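Text of the file input_4.cif, holding mmCIF, C-alpha atoms:
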```
data_entry
#
loop_
_atom_site.group_PDB
_atom_site.id
_atom_site.type_symbol
_atom_site.label_atom_id
_atom_site.label_comp_id
_atom_site.auth_asym_id
_atom_site.auth_seq_id
_atom_site.Cartn_x
_atom_site.Cartn_y
_atom_site.Cartn_z
ATOM 1 C CA PHE L 276 -8.594 15.058 -7.063
ATOM 2 C CA GLN L 277 -11.100 16.330 -9.637
ATOM 3 C CA PRO L 278 -10.652 18.306 -11.820
ATOM 4 C CA LYS L 279 -6.946 18.996 -11.242
ATOM 5 C CA GLU L 280 -5.625 15.433 -11.438
ATOM 6 C CA CYS L 281 -8.445 13.293 -12.814
ATOM 7 C CA LEU L 282 -11.920 13.434 -14.316
ATOM 8 C CA VAL L 283 -15.037 11.297 -13.980
ATOM 9 C CA PRO L 284 -17.424 11.762 -16.931
ATOM 10 C CA ARG L 285 -20.528 13.774 -16.068
ATOM 11 C CA PRO L 286 -23.812 11.839 -16.448
ATOM 12 C CA TYR L 287 -26.767 13.166 -18.417
ATOM 13 C CA PRO L 288 -29.867 11.992 -16.507
ATOM 14 C CA GLU L 289 -32.242 13.571 -19.016
ATOM 15 C CA LEU L 290 -30.810 11.337 -21.779
ATOM 16 C CA SER L 291 -30.469 8.199 -19.666
ATOM 17 C CA THR L 292 -32.920 5.358 -19.078
ATOM 18 C CA LYS L 293 -33.103 2.461 -16.627
ATOM 19 C CA ARG L 294 -31.161 0.348 -19.121
ATOM 20 C CA MET L 295 -28.764 2.931 -20.575
ATOM 21 C CA LEU L 296 -26.542 5.487 -18.882
ATOM 22 C CA VAL L 297 -25.466 8.441 -21.052
ATOM 23 C CA MET L 298 -22.317 10.245 -19.923
ATOM 24 C CA GLU L 299 -19.911 12.938 -21.056
ATOM 25 C CA LEU L 300 -17.340 11.833 -23.635
ATOM 26 C CA LEU L 301 -13.793 12.189 -22.327
ATOM 27 C CA PRO L 302 -11.111 12.571 -25.034
ATOM 28 C CA GLY L 303 -8.065 10.338 -25.160
ATOM 29 C CA PRO L 304 -7.094 6.678 -25.551
ATOM 30 C CA LYS L 305 -7.284 3.976 -22.910
ATOM 31 C CA LEU L 306 -4.363 4.445 -20.516
ATOM 32 C CA ILE L 307 -2.446 1.340 -21.591
ATOM 33 C CA GLU L 308 -3.014 2.070 -25.298
ATOM 34 C CA GLY L 309 -1.674 5.587 -24.857
ATOM 35 C CA MET L 310 1.390 4.342 -22.978
ATOM 36 C CA ARG L 311 2.082 1.613 -25.527
ATOM 37 C CA ALA L 312 1.789 4.055 -28.427
ATOM 38 C CA TYR L 313 4.526 6.264 -26.970
ATOM 39 C CA TYR L 314 6.867 3.381 -26.123
ATOM 40 C CA ALA L 315 6.331 1.755 -29.516
ATOM 41 C CA GLU L 316 7.617 4.986 -31.073
ATOM 42 C CA TYR L 317 10.453 5.128 -28.543
ATOM 43 C CA ALA L 318 11.443 1.536 -29.363
ATOM 44 C CA ARG L 319 11.427 2.303 -33.085
ATOM 45 C CA LYS L 320 13.818 5.213 -32.544
ATOM 46 C CA GLN L 321 16.084 2.879 -30.557
ATOM 47 C CA GLY L 322 16.181 0.421 -33.438
ATOM 48 C CA THR L 323 14.053 -2.227 -31.749
ATOM 49 C CA THR L 324 10.391 -3.052 -31.167
ATOM 50 C CA LEU L 325 8.038 -2.724 -28.229
ATOM 51 C CA LYS L 326 7.450 -6.478 -28.260
ATOM 52 C CA ARG L 327 11.195 -7.114 -27.937
ATOM 53 C CA MET L 328 11.488 -4.629 -25.073
ATOM 54 C CA GLU L 329 8.556 -6.286 -23.283
ATOM 55 C CA THR L 330 10.106 -9.719 -23.757
ATOM 56 C CA ILE L 331 13.368 -8.557 -22.188
ATOM 57 C CA ALA L 332 11.529 -6.962 -19.250
ATOM 58 C CA ARG L 333 9.411 -10.100 -18.729
ATOM 59 C CA ARG L 334 12.473 -12.348 -18.777
ATOM 60 C CA LYS L 335 14.192 -10.134 -16.215
ATOM 61 C CA ILE L 336 11.207 -10.398 -13.857
ATOM 62 C CA GLU L 337 11.112 -14.184 -14.299
ATOM 63 C CA GLU L 338 14.811 -14.446 -13.452
ATOM 64 C CA GLU L 339 15.059 -11.846 -10.671
ATOM 65 C CA GLY L 340 11.504 -11.510 -9.356
ATOM 66 C CA ILE L 341 9.348 -8.388 -9.227
ATOM 67 C CA PRO L 342 11.244 -5.354 -7.873
ATOM 68 C CA ASP L 343 10.028 -4.007 -4.534
ATOM 69 C CA LYS L 344 9.712 -0.419 -5.731
ATOM 70 C CA TYR L 345 10.135 1.811 -8.765
ATOM 71 C CA ASP L 346 13.641 3.290 -8.940
ATOM 72 C CA GLY L 347 13.475 5.412 -12.101
ATOM 73 C CA PRO L 348 13.310 9.203 -12.574
ATOM 74 C CA SER L 349 10.861 11.076 -10.359
ATOM 75 C CA ALA L 350 7.644 12.776 -11.467
ATOM 76 C CA SER L 351 9.250 16.205 -11.021
ATOM 77 C CA LYS L 352 12.227 15.278 -13.236
ATOM 78 C CA ILE L 353 9.974 13.959 -15.974
ATOM 79 C CA ALA L 354 7.767 17.060 -15.723
ATOM 80 C CA ALA L 355 10.868 19.255 -16.071
ATOM 81 C CA TYR L 356 11.924 17.266 -19.154
ATOM 82 C CA GLN L 357 8.420 17.606 -20.637
ATOM 83 C CA ARG L 358 8.557 21.394 -20.162
ATOM 84 C CA MET L 359 12.026 21.578 -21.682
ATOM 85 C CA VAL L 360 10.958 19.635 -24.791
ATOM 86 C CA LYS L 361 7.870 21.810 -25.234
ATOM 87 C CA LEU L 362 9.867 25.036 -24.797
ATOM 88 C CA ARG L 363 12.434 23.818 -27.308
ATOM 89 C CA ASP L 364 9.735 22.948 -29.835
ATOM 90 C CA ASP L 365 8.029 26.317 -29.320
ATOM 91 C CA PHE L 366 11.321 28.186 -29.760
ATOM 92 C CA VAL L 367 12.337 26.304 -32.905
ATOM 93 C CA ASN L 368 8.855 26.519 -34.431
ATOM 94 C CA THR L 369 8.506 30.248 -33.728
ATOM 95 C CA PHE L 370 11.965 31.659 -34.395
ATOM 96 C CA VAL L 371 13.519 29.172 -36.816
ATOM 97 C CA ILE L 372 10.920 27.233 -38.778
ATOM 98 C CA GLY L 373 8.254 29.927 -38.461
ATOM 99 C CA SER L 374 10.629 32.660 -39.650
ATOM 100 C CA TYR L 375 11.770 30.513 -42.572
ATOM 101 C CA ASN L 376 8.227 29.619 -43.630
ATOM 102 C CA VAL L 377 7.081 33.262 -43.521
ATOM 103 C CA CYS L 378 10.139 35.047 -44.928
ATOM 104 C CA VAL L 379 12.158 32.566 -46.966
ATOM 105 C CA ALA L 380 9.769 29.904 -48.248
ATOM 106 C CA PRO L 381 7.781 32.298 -50.503
ATOM 107 C CA ILE L 382 11.024 33.480 -52.180
ATOM 108 C CA VAL L 383 12.303 29.916 -52.608
ATOM 109 C CA LYS L 384 8.995 29.001 -54.210
ATOM 110 C CA LEU L 385 9.508 31.642 -56.903
ATOM 111 C CA PHE L 386 12.764 30.078 -58.056
ATOM 112 C CA VAL L 387 12.063 26.394 -57.447
ATOM 113 C CA LYS L 388 9.295 24.780 -59.432
ATOM 114 C CA SER L 389 6.900 23.292 -56.901
ATOM 115 C CA ASN L 390 4.730 20.269 -57.316
ATOM 116 C CA GLU L 391 1.440 21.837 -56.308
ATOM 117 C CA SER L 392 -0.417 18.566 -56.678
ATOM 118 C CA ASN L 393 1.623 17.227 -53.752
ATOM 119 C CA GLY L 394 1.113 20.404 -51.722
ATOM 120 C CA ASN L 395 4.820 21.267 -51.845
ATOM 121 C CA ASP L 396 4.945 24.988 -51.035
ATOM 122 C CA GLY L 397 8.575 25.116 -49.928
ATOM 123 C CA LYS L 398 7.710 25.267 -46.242
ATOM 124 C CA ILE L 399 9.351 23.195 -43.538
ATOM 125 C CA LYS L 400 7.165 21.048 -41.316
ATOM 126 C CA TYR L 401 6.866 22.309 -37.775
ATOM 127 C CA LEU L 402 8.628 20.353 -35.043
ATOM 128 C CA GLN L 403 6.369 18.187 -32.904
ATOM 129 C CA SER L 404 8.460 16.066 -30.571
ATOM 130 C CA SER L 405 7.072 12.966 -28.909
ATOM 131 C CA ILE L 406 6.730 13.813 -25.209
ATOM 132 C CA PRO L 407 6.857 10.898 -22.738
ATOM 133 C CA PRO L 408 3.932 10.378 -20.379
ATOM 134 C CA ASN L 409 4.734 11.213 -16.762
ATOM 135 C CA THR L 410 4.349 7.648 -15.504
ATOM 136 C CA PRO L 411 5.298 8.323 -11.845
ATOM 137 C CA ARG L 412 2.709 11.106 -11.661
ATOM 138 C CA ILE L 413 0.043 8.932 -13.298
ATOM 139 C CA VAL L 414 0.776 6.081 -10.868
ATOM 140 C CA ASP L 415 0.760 8.459 -7.903
ATOM 141 C CA THR L 416 -2.653 9.788 -8.914
ATOM 142 C CA LEU L 417 -4.114 6.308 -9.456
ATOM 143 C CA MET L 418 -2.838 5.028 -6.118
ATOM 144 C CA ARG L 419 -3.990 8.035 -4.082
ATOM 145 C CA VAL L 420 -7.431 8.109 -5.726
ATOM 146 C CA HIS L 421 -8.081 4.440 -4.997
ATOM 147 C CA GLY L 422 -6.628 4.646 -1.502
ATOM 148 C CA TYR L 423 -9.015 7.513 -0.756
ATOM 149 C CA GLN L 424 -11.945 5.557 -2.171
ATOM 150 C CA LEU L 425 -11.134 2.553 0.020
ATOM 151 C CA LEU L 426 -10.112 4.205 3.276
ATOM 152 C CA VAL L 427 -12.087 7.459 3.372
ATOM 153 C CA ASP L 428 -15.143 6.958 1.155
ATOM 154 C CA GLY L 429 -15.527 3.252 1.883
ATOM 155 C CA VAL L 430 -16.776 2.844 -1.713
ATOM 156 C CA PHE L 431 -14.277 1.811 -4.375
ATOM 157 C CA ASN L 432 -13.844 0.484 -7.889
ATOM 158 C CA ALA L 433 -12.934 -3.143 -7.231
ATOM 159 C CA ASP L 434 -11.742 -3.779 -10.797
ATOM 160 C CA PRO L 435 -9.291 -1.000 -11.758
ATOM 161 C CA HIS L 436 -7.756 -2.547 -14.879
ATOM 162 C CA GLY L 437 -6.113 -0.588 -17.685
ATOM 163 C CA GLY L 438 -9.297 -0.342 -19.740
ATOM 164 C CA ASN L 439 -11.016 1.628 -16.972
ATOM 165 C CA PHE L 440 -8.716 4.637 -17.303
ATOM 166 C CA LEU L 441 -8.218 7.161 -20.090
ATOM 167 C CA LEU L 442 -5.051 9.132 -20.793
ATOM 168 C CA LEU L 443 -6.376 12.639 -21.411
ATOM 169 C CA PRO L 444 -4.491 15.034 -23.743
ATOM 170 C CA ASP L 445 -3.374 17.261 -20.851
ATOM 171 C CA GLY L 446 -1.920 14.336 -18.854
ATOM 172 C CA ARG L 447 -4.834 13.903 -16.474
ATOM 173 C CA ILE L 448 -6.543 10.549 -15.969
ATOM 174 C CA GLY L 449 -10.142 9.808 -16.906
ATOM 175 C CA LEU L 450 -11.873 7.384 -14.514
ATOM 176 C CA ILE L 451 -14.593 5.287 -16.147
ATOM 177 C CA ASP L 452 -16.588 2.064 -15.710
ATOM 178 C CA TYR L 453 -17.601 1.658 -12.079
ATOM 179 C CA GLY L 454 -19.542 -1.522 -12.786
ATOM 180 C CA ALA L 455 -17.683 -3.519 -10.112
ATOM 181 C CA THR L 456 -18.098 -1.290 -7.070
ATOM 182 C CA LYS L 457 -17.798 -2.398 -3.450
ATOM 183 C CA ARG L 458 -19.239 -0.561 -0.444
ATOM 184 C CA LEU L 459 -17.680 -1.290 2.959
ATOM 185 C CA THR L 460 -19.431 -1.045 6.286
ATOM 186 C CA GLU L 461 -18.066 1.616 8.634
ATOM 187 C CA ASN L 462 -16.232 -0.973 10.735
ATOM 188 C CA GLU L 463 -14.786 -2.621 7.620
ATOM 189 C CA ARG L 464 -13.517 0.756 6.429
ATOM 190 C CA ILE L 465 -11.911 1.562 9.792
ATOM 191 C CA THR L 466 -10.370 -1.914 10.006
ATOM 192 C CA SER L 467 -8.890 -1.370 6.524
ATOM 193 C CA CYS L 468 -7.236 1.800 7.825
ATOM 194 C CA VAL L 469 -5.652 -0.104 10.722
ATOM 195 C CA LEU L 470 -4.534 -2.852 8.326
ATOM 196 C CA TYR L 471 -2.647 -0.518 5.995
ATOM 197 C CA VAL L 472 -0.945 1.400 8.780
ATOM 198 C CA ALA L 473 0.173 -1.917 10.291
ATOM 199 C CA LEU L 474 1.483 -3.082 6.912
ATOM 200 C CA HIS L 475 3.447 0.121 6.404
ATOM 201 C CA ARG L 476 4.921 -0.049 9.912
ATOM 202 C CA LYS L 477 5.672 -3.775 9.494
ATOM 203 C CA ASP L 478 3.735 -4.355 12.733
ATOM 204 C CA LYS L 479 3.638 -8.160 12.604
ATOM 205 C CA ASP L 480 2.167 -8.477 16.087
ATOM 206 C CA LYS L 481 -0.782 -6.204 15.266
ATOM 207 C CA LEU L 482 -1.459 -7.985 11.992
ATOM 208 C CA TRP L 483 -1.364 -11.376 13.705
ATOM 209 C CA GLN L 484 -3.682 -10.140 16.443
ATOM 210 C CA MET L 485 -6.125 -8.875 13.813
ATOM 211 C CA ALA L 486 -5.914 -12.194 11.950
ATOM 212 C CA LYS L 487 -6.755 -14.322 14.991
ATOM 213 C CA MET L 488 -9.587 -12.031 16.063
ATOM 214 C CA GLY L 489 -10.827 -11.910 12.476
ATOM 215 C CA GLY L 490 -11.342 -15.655 12.172
ATOM 216 C CA TYR L 491 -8.179 -16.687 10.326
ATOM 217 C CA LYS L 492 -7.226 -20.329 10.962
ATOM 218 C CA SER L 493 -4.465 -22.469 9.582
ATOM 219 C CA LYS L 494 -3.024 -25.905 10.285
ATOM 220 C CA TYR L 495 -0.081 -24.686 12.398
ATOM 221 C CA MET L 496 -1.110 -21.047 13.014
ATOM 222 C CA ASN L 497 2.315 -19.834 11.901
ATOM 223 C CA PRO L 498 2.423 -16.002 12.198
ATOM 224 C CA ASP L 499 5.358 -15.698 9.771
ATOM 225 C CA VAL L 500 3.413 -17.460 7.019
ATOM 226 C CA TYR L 501 0.384 -15.258 7.659
ATOM 227 C CA TYR L 502 2.518 -12.109 7.531
ATOM 228 C CA LYS L 503 3.741 -13.025 4.055
ATOM 229 C CA LEU L 504 0.196 -13.867 2.972
ATOM 230 C CA VAL L 505 -1.229 -10.534 4.103
ATOM 231 C CA GLN L 506 1.659 -8.614 2.538
ATOM 232 C CA PHE L 507 1.188 -10.458 -0.742
ATOM 233 C CA GLY L 508 -2.591 -10.121 -0.706
ATOM 234 C CA TYR L 509 -2.873 -6.438 0.187
ATOM 235 C CA ASP L 510 0.438 -4.676 -0.258
ATOM 236 C CA THR L 511 3.269 -5.946 -2.442
ATOM 237 C CA TRP L 512 4.549 -8.938 -4.362
ATOM 238 C CA GLY L 513 8.112 -7.631 -4.517
ATOM 239 C CA ARG L 514 11.244 -9.651 -3.858
ATOM 240 C CA GLU L 515 11.261 -8.699 -0.173
ATOM 241 C CA VAL L 516 8.096 -10.807 0.217
ATOM 242 C CA THR L 517 8.433 -13.531 -2.423
ATOM 243 C CA GLY L 518 12.181 -14.003 -2.207
ATOM 244 C CA GLY L 519 12.322 -13.894 -5.995
ATOM 245 C CA LEU L 520 9.896 -16.811 -6.447
ATOM 246 C CA ASN L 521 7.150 -16.524 -9.017
ATOM 247 C CA VAL L 522 3.552 -16.351 -7.797
ATOM 248 C CA GLN L 523 2.830 -20.077 -8.116
ATOM 249 C CA GLN L 524 6.086 -21.081 -6.416
ATOM 250 C CA PHE L 525 5.506 -18.573 -3.626
ATOM 251 C CA MET L 526 1.951 -19.714 -2.889
ATOM 252 C CA ASP L 527 2.925 -23.401 -3.067
ATOM 253 C CA ASP L 528 5.744 -22.740 -0.600
ATOM 254 C CA LEU L 529 3.435 -21.025 1.913
ATOM 255 C CA LYS L 530 0.793 -23.730 1.529
ATOM 256 C CA ALA L 531 3.371 -26.418 2.219
ATOM 257 C CA LYS L 532 4.535 -24.606 5.356
ATOM 258 C CA ASP L 533 1.103 -23.832 6.820
ATOM 259 C CA PRO L 534 -2.101 -24.240 4.770
ATOM 260 C CA TYR L 535 -4.935 -22.016 5.937
ATOM 261 C CA THR L 536 -8.354 -23.598 6.575
ATOM 262 C CA GLU L 537 -10.642 -20.639 7.387
ATOM 263 C CA THR L 538 -10.485 -16.969 6.482
ATOM 264 C CA PRO L 539 -12.910 -14.020 6.411
ATOM 265 C CA ASP L 540 -13.936 -12.802 2.964
ATOM 266 C CA ASN L 541 -14.935 -9.265 4.000
ATOM 267 C CA PHE L 542 -11.914 -7.723 2.312
ATOM 268 C CA VAL L 543 -11.564 -9.953 -0.751
ATOM 269 C CA LEU L 544 -12.480 -7.138 -3.150
ATOM 270 C CA ALA L 545 -10.097 -4.733 -1.416
ATOM 271 C CA SER L 546 -7.349 -7.279 -2.023
ATOM 272 C CA PHE L 547 -8.524 -7.698 -5.625
ATOM 273 C CA MET L 548 -8.348 -3.934 -6.158
ATOM 274 C CA SER L 549 -4.800 -3.962 -4.794
ATOM 275 C CA PHE L 550 -3.863 -6.832 -7.137
ATOM 276 C CA ARG L 551 -5.371 -5.094 -10.148
ATOM 277 C CA LEU L 552 -3.580 -1.824 -9.452
ATOM 278 C CA ARG L 553 -0.256 -3.545 -8.855
ATOM 279 C CA ALA L 554 -0.595 -5.482 -12.123
ATOM 280 C CA LEU L 555 -1.556 -2.323 -14.009
ATOM 281 C CA VAL L 556 1.378 -0.228 -12.823
ATOM 282 C CA LEU L 557 3.829 -3.127 -13.136
ATOM 283 C CA GLY L 558 2.848 -3.168 -16.809
ATOM 284 C CA MET L 559 3.887 0.493 -16.831
ATOM 285 C CA ASN L 560 7.295 -0.528 -15.397
ATOM 286 C CA HIS L 561 6.432 1.109 -12.075
ATOM 287 C CA PRO L 562 6.120 -1.511 -9.270
ATOM 288 C CA VAL L 563 4.535 -0.217 -6.065
ATOM 289 C CA LYS L 564 3.819 -1.036 -2.439
ATOM 290 C CA CYS L 565 0.229 -0.046 -1.723
ATOM 291 C CA SER L 566 0.995 0.847 1.891
ATOM 292 C CA ASP L 567 3.508 3.480 0.751
ATOM 293 C CA TYR L 568 0.571 5.410 -0.722
ATOM 294 C CA TRP L 569 -2.278 4.340 1.540
ATOM 295 C CA ALA L 570 -0.827 4.298 5.063
ATOM 296 C CA GLY L 571 -0.694 8.108 5.213
ATOM 297 C CA ILE L 572 -4.333 8.349 4.106
ATOM 298 C CA ALA L 573 -5.268 5.703 6.680
ATOM 299 C CA GLU L 574 -3.442 7.442 9.542
ATOM 300 C CA GLN L 575 -5.077 10.779 8.734
ATOM 301 C CA GLU L 576 -8.492 9.124 8.731
ATOM 302 C CA LEU L 577 -7.865 7.332 12.044
ATOM 303 C CA ASN L 578 -6.731 10.609 13.594
ATOM 304 C CA ARG L 579 -9.804 12.396 12.203
ATOM 305 C CA LEU L 580 -11.980 9.789 13.919
ATOM 306 C CA ASP L 581 -9.992 10.282 17.140
ATOM 307 C CA LEU L 582 -8.804 6.679 16.842
ATOM 308 C CA PRO L 583 -5.021 7.042 16.360
ATOM 309 C CA TYR L 584 -3.152 3.877 15.496
ATOM 310 C CA GLU L 585 -1.385 3.742 18.856
ATOM 311 C CA THR L 586 -4.737 3.283 20.652
ATOM 312 C CA TRP L 587 -5.617 0.040 18.866
ATOM 313 C CA ASP L 588 -5.440 -2.617 21.555
ATOM 314 C CA GLU L 589 -7.485 -5.826 21.728
ATOM 315 C CA ALA L 590 -10.508 -4.080 23.266
ATOM 316 C CA GLN L 591 -10.640 -1.470 20.502
ATOM 317 C CA LEU L 592 -10.183 -4.066 17.781
ATOM 318 C CA LEU L 593 -13.090 -6.002 19.266
ATOM 319 C CA LYS L 594 -15.253 -2.865 19.512
ATOM 320 C CA TYR L 595 -14.815 -2.031 15.820
ATOM 321 C CA GLN L 596 -14.678 -5.604 14.527
ATOM 322 C CA PRO L 597 -16.840 -6.029 11.394
ATOM 323 C CA GLU L 598 -19.485 -8.697 11.133
ATOM 324 C CA LEU L 599 -17.359 -11.505 9.732
ATOM 325 C CA ASN L 600 -18.095 -13.742 6.749
ATOM 326 C CA ILE L 601 -15.939 -16.813 7.340
ATOM 327 C CA GLN L 602 -15.077 -19.053 4.426
ATOM 328 C CA LYS L 603 -13.736 -22.576 4.902
ATOM 329 C CA VAL L 604 -11.135 -23.810 2.458
#
```

Is it possible to express this structure as structure tokens?
Amino acid sequence: FQPKECLVPRPYPELSTKRMLVMELLPGPKLIEGMRAYYAEYARKQGTTLKRMETIARRKIEEEGIPDKYDGPSASKIAAYQRMVKLRDDFVNTFVIGSYNVCVAPIVKLFVKSNESNGNDGKIKYLQSSIPPNTPRIVDTLMRVHGYQLLVDGVFNADPHGGNFLLLPDGRIGLIDYGATKRLTENERITSCVLYVALHRKDKDKLWQMAKMGGYKSKYMNPDVYYKLVQFGYDTWGREVTGGLNVQQFMDDLKAKDPYTETPDNFVLASFMSFRLRALVLGMNHPVKCSDYWAGIAEQELNRLDLPYETWDEAQLLKYQPELNIQKV
């Protein structure tokens, strides 16, 4: 991913101490600040405010639930629009405004008294259009980077909130602040791969088998309730899972149907990472399903290990079962 799509600041060991880490300075605002700055300007041009637009979007989510997936323009369409705007600005600045400022403005200045104290030299300001950030491409990069960390590296940033990313001037993403980092065991990493392939394939039987073998217990051991829990915890909180209920209503409904009493906490931070990413990109008006991005990475990794998904029966699940940390509720 680096350096084409993202950057991690380079450390300077010779300037660092045990208490202070010195790193390369990456230019650009925090990701959310950069996004909000553009849309604040967009709202102003539409005769409204960013706060009003956010209120409308929030009310829609409260009334209809979180959408399952983003359904706006694709990354390629936005990239084409960005190129078109830049080409237009370059053309106008070079052949229209540039020609005027070089050939006409000096003549106009001779006949029109200029206010030199205000820097009025008769020239026209060059066009600099506001270019929208390519949100689908940014989201795609964020999701693939974190999926790779989780499923291939087995070491991931467990707290990927908006302040941990920078929007660089060229559209790339700066990745900073790895203070909350989780390292998985090899069996935990492999089990995570199986989990995300099963989620993407909607393999309820496999997920339920993994739950029972992994120490999950509930009052009635209802597999349908568990399936919604694991979807919500690791994949999506869209309407297809919640039925349009808000988070509190959804969790209360599942608890009333079948409260769980014991569950392993091995993958709590993986779930937290998923939650943080989903919240971040929802704030960018781009809801996601993690398995849409991560199942392909997981399948490739299982195949690389010569453990294709189709081979995962009870014996193989038992062979690669992590050492479990069971928590009672």

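Among the candidate residues L:Ile413, L:Ala355, L:Val377, L:Ile451, the one lying nearest to Pro286 of chain L is L:Ile451, with distances computed using only C-alpha atoms.
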
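Interatomic distance, atom CA of Arg419 of chain L to atom CA of Ile572 of chain L: 8.2 Å.
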
Notebook entry, point to check: segment 277-282 of chain L: which residues within 7 Å, counting only C-alpha atoms, same-chain residues fewer than 6 positions away excluded, as a list in words?
Noted result: Thr416, Arg447, Ile448, Gly449 and Leu450 of chain L

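With the shown file loaded, the PyMOL selection byres ((chain L and resi 487-497) around 9) picks out Leu482, Trp483, Gln484, Met485, Ala486, Pro498, Asp499, Val500, Tyr501, Tyr502, Lys532, Asp533, Pro534, Tyr535, Thr536, Glu537, Thr538, Pro539, Glu589, Leu592, Leu593, Gln596, Pro597, Leu599, Asn600 and Ile601 of chain L.
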
Using C-alpha atoms, can you write the selected residues to a file as a PDB file, in the coordinates of the input?
```pdb
ATOM      1  CA  LEU L 482      -1.459  -7.985  11.992  1.00  0.00           C
ATOM      2  CA  TRP L 483      -1.364 -11.376  13.705  1.00  0.00           C
ATOM      3  CA  GLN L 484      -3.682 -10.140  16.443  1.00  0.00           C
ATOM      4  CA  MET L 485      -6.125  -8.875  13.813  1.00  0.00           C
ATOM      5  CA  ALA L 486      -5.914 -12.194  11.950  1.00  0.00           C
ATOM      6  CA  PRO L 498       2.423 -16.002  12.198  1.00  0.00           C
ATOM      7  CA  ASP L 499       5.358 -15.698   9.771  1.00  0.00           C
ATOM      8  CA  VAL L 500       3.413 -17.460   7.019  1.00  0.00           C
ATOM      9  CA  TYR L 501       0.384 -15.258   7.659  1.00  0.00           C
ATOM     10  CA  TYR L 502       2.518 -12.109   7.531  1.00  0.00           C
ATOM     11  CA  LYS L 532       4.535 -24.606   5.356  1.00  0.00           C
ATOM     12  CA  ASP L 533       1.103 -23.832   6.820  1.00  0.00           C
ATOM     13  CA  PRO L 534      -2.101 -24.240   4.770  1.00  0.00           C
ATOM     14  CA  TYR L 535      -4.935 -22.016   5.937  1.00  0.00           C
ATOM     15  CA  THR L 536      -8.354 -23.598   6.575  1.00  0.00           C
ATOM     16  CA  GLU L 537     -10.642 -20.639   7.387  1.00  0.00           C
ATOM     17  CA  THR L 538     -10.485 -16.969   6.482  1.00  0.00           C
ATOM     18  CA  PRO L 539     -12.910 -14.020   6.411  1.00  0.00           C
ATOM     19  CA  GLU L 589      -7.485  -5.826  21.728  1.00  0.00           C
ATOM     20  CA  LEU L 592     -10.183  -4.066  17.781  1.00  0.00           C
ATOM     21  CA  LEU L 593     -13.090  -6.002  19.266  1.00  0.00           C
ATOM     22  CA  GLN L 596     -14.678  -5.604  14.527  1.00  0.00           C
ATOM     23  CA  PRO L 597     -16.840  -6.029  11.394  1.00  0.00           C
ATOM     24  CA  LEU L 599     -17.359 -11.505   9.732  1.00  0.00           C
ATOM     25  CA  ASN L 600     -18.095 -13.742   6.749  1.00  0.00           C
ATOM     26  CA  ILE L 601     -15.939 -16.813   7.340  1.00  0.00           C
TER      27      ILE L 601
END
```

Margin query: Applying 8 Å and only C-alpha atoms, which residues near Tyr584 of chain L remain after dropping the ones on its own chain fewer than 6 positions away? List them as a list in words.
Written below: Val469, Val472, Glu574, Leu577 and Asn578 of chain L

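From atom CA of Ser549 of chain L back to atom CA of Asp510 of chain L, the distance works out to 7.0 Å.
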
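Residue nearest Ser374 of chain L, chosen from L:Ser349, L:Tyr401, L:His475, L:Arg514 and counting all atoms listed in the file: L:Tyr401.
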